[in-house]
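Colleague: Before I ask anything, here is the structure I am working with.
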Amino acid sequence: AGVPGLLIQLENRKWQFPYERGSHHHEHTITFLDECEAFGWVDGKLQGVGEHDDCVMTWWHLSWGLDRLAVESAGGRLVRRGIQPGVQI
């Protein structure tokens, strides 16, 4: 489903991002969210309309890799329920 599929995963709460002001990750999360907001539809195609889309594409590759891992670990079936609390990648 590509990048649009990530929106569905967000709606289903399969991703959580650190967003506490003053935390180590706050600035990185702001950058990531800014890039997500700059991703949009242009001439019927989804693309980065801002200066950068590196974080969004990295997120998509991470999601794809986790799906592949889930499929291979489950004998060919996709059994991914999102990131589990406490798991570090």
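For the structure tokens, the naming scheme is as follows: chains receive sequential letters (A, B, ...) according to their order of presentation, residues are indexed from 1 within each chain, and ligands are indexed from 1 in presentation order.
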Among region 20-56 of chain A, which ones does DSSP place in helix (DSSP H, G or I), written as a list in words?
Modeller: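 Everything in region 20-56 of chain A that counts as helix (DSSP H, G or I) is His26, Glu27, His28, Thr29, Ile30, Thr31, Phe32, Leu33, Asp34, Glu35, Cys36, Glu37, Asp54, Cys55 and Val56 of chain A.
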Colleague: So that I have them on file, write out the residues from the current selection with N, CA and C atoms, as an mmCIF file, in the first residue's frame.
Modeller:
```cif
data_model
loop_
_atom_site.group_PDB
_atom_site.id
_atom_site.type_symbol
_atom_site.label_atom_id
_atom_site.label_comp_id
_atom_site.auth_asym_id
_atom_site.auth_seq_id
_atom_site.Cartn_x
_atom_site.Cartn_y
_atom_site.Cartn_z
ATOM 1 N N HIS A 26 12.431 14.867 20.934
ATOM 2 C CA HIS A 26 11.424 15.865 20.554
ATOM 3 C C HIS A 26 11.760 16.556 19.230
ATOM 4 N N GLU A 27 12.974 17.040 19.079
ATOM 5 C CA GLU A 27 13.341 17.739 17.846
ATOM 6 C C GLU A 27 13.285 16.818 16.635
ATOM 7 N N HIS A 28 13.703 15.564 16.804
ATOM 8 C CA HIS A 28 13.648 14.607 15.699
ATOM 9 C C HIS A 28 12.203 14.319 15.304
ATOM 10 N N THR A 29 11.345 14.221 16.290
ATOM 11 C CA THR A 29 9.934 13.962 16.015
ATOM 12 C C THR A 29 9.304 15.143 15.289
ATOM 13 N N ILE A 30 9.663 16.358 15.673
ATOM 14 C CA ILE A 30 9.157 17.544 14.984
ATOM 15 C C ILE A 30 9.575 17.512 13.510
ATOM 16 N N THR A 31 10.837 17.200 13.248
ATOM 17 C CA THR A 31 11.324 17.097 11.865
ATOM 18 C C THR A 31 10.540 16.047 11.098
ATOM 19 N N PHE A 32 10.347 14.889 11.724
ATOM 20 C CA PHE A 32 9.597 13.804 11.086
ATOM 21 C C PHE A 32 8.165 14.237 10.778
ATOM 22 N N LEU A 33 7.490 14.834 11.735
ATOM 23 C CA LEU A 33 6.102 15.256 11.517
ATOM 24 C C LEU A 33 6.006 16.347 10.457
ATOM 25 N N ASP A 34 6.978 17.260 10.426
ATOM 26 C CA ASP A 34 6.989 18.289 9.381
ATOM 27 C C ASP A 34 7.098 17.659 7.999
ATOM 28 N N GLU A 35 7.958 16.647 7.868
ATOM 29 C CA GLU A 35 8.091 15.967 6.582
ATOM 30 C C GLU A 35 6.814 15.213 6.225
ATOM 31 N N CYS A 36 6.164 14.614 7.217
ATOM 32 C CA CYS A 36 4.905 13.907 6.955
ATOM 33 C C CYS A 36 3.837 14.874 6.449
ATOM 34 N N GLU A 37 3.791 16.056 7.054
ATOM 35 C CA GLU A 37 2.806 17.046 6.636
ATOM 36 C C GLU A 37 3.100 17.601 5.249
ATOM 37 N N ASP A 54 13.042 12.344 3.323
ATOM 38 C CA ASP A 54 13.885 11.252 3.801
ATOM 39 C C ASP A 54 13.256 10.487 4.959
ATOM 40 N N CYS A 55 12.709 11.206 5.929
ATOM 41 C CA CYS A 55 12.136 10.549 7.112
ATOM 42 C C CYS A 55 10.922 9.714 6.739
ATOM 43 N N VAL A 56 10.076 10.233 5.852
ATOM 44 C CA VAL A 56 8.878 9.491 5.441
ATOM 45 C C VAL A 56 9.277 8.224 4.698
#
```
Colleague: Taking the DSSP assignment computed from this structure's backbone, write out as a list in words all residues of chain A that belong to strand (DSSP E).
Modeller: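 So the strand (DSSP E) residues in chain A would be Phe39, Gly40, Trp41, Val42, Lys45, Leu46, Gln47 and Gly48 of chain A.
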Colleague: By how many Å are CA of Arg68 (chain A) and CA of Gln16 (chain A) apart?
Modeller: 20.0 Å
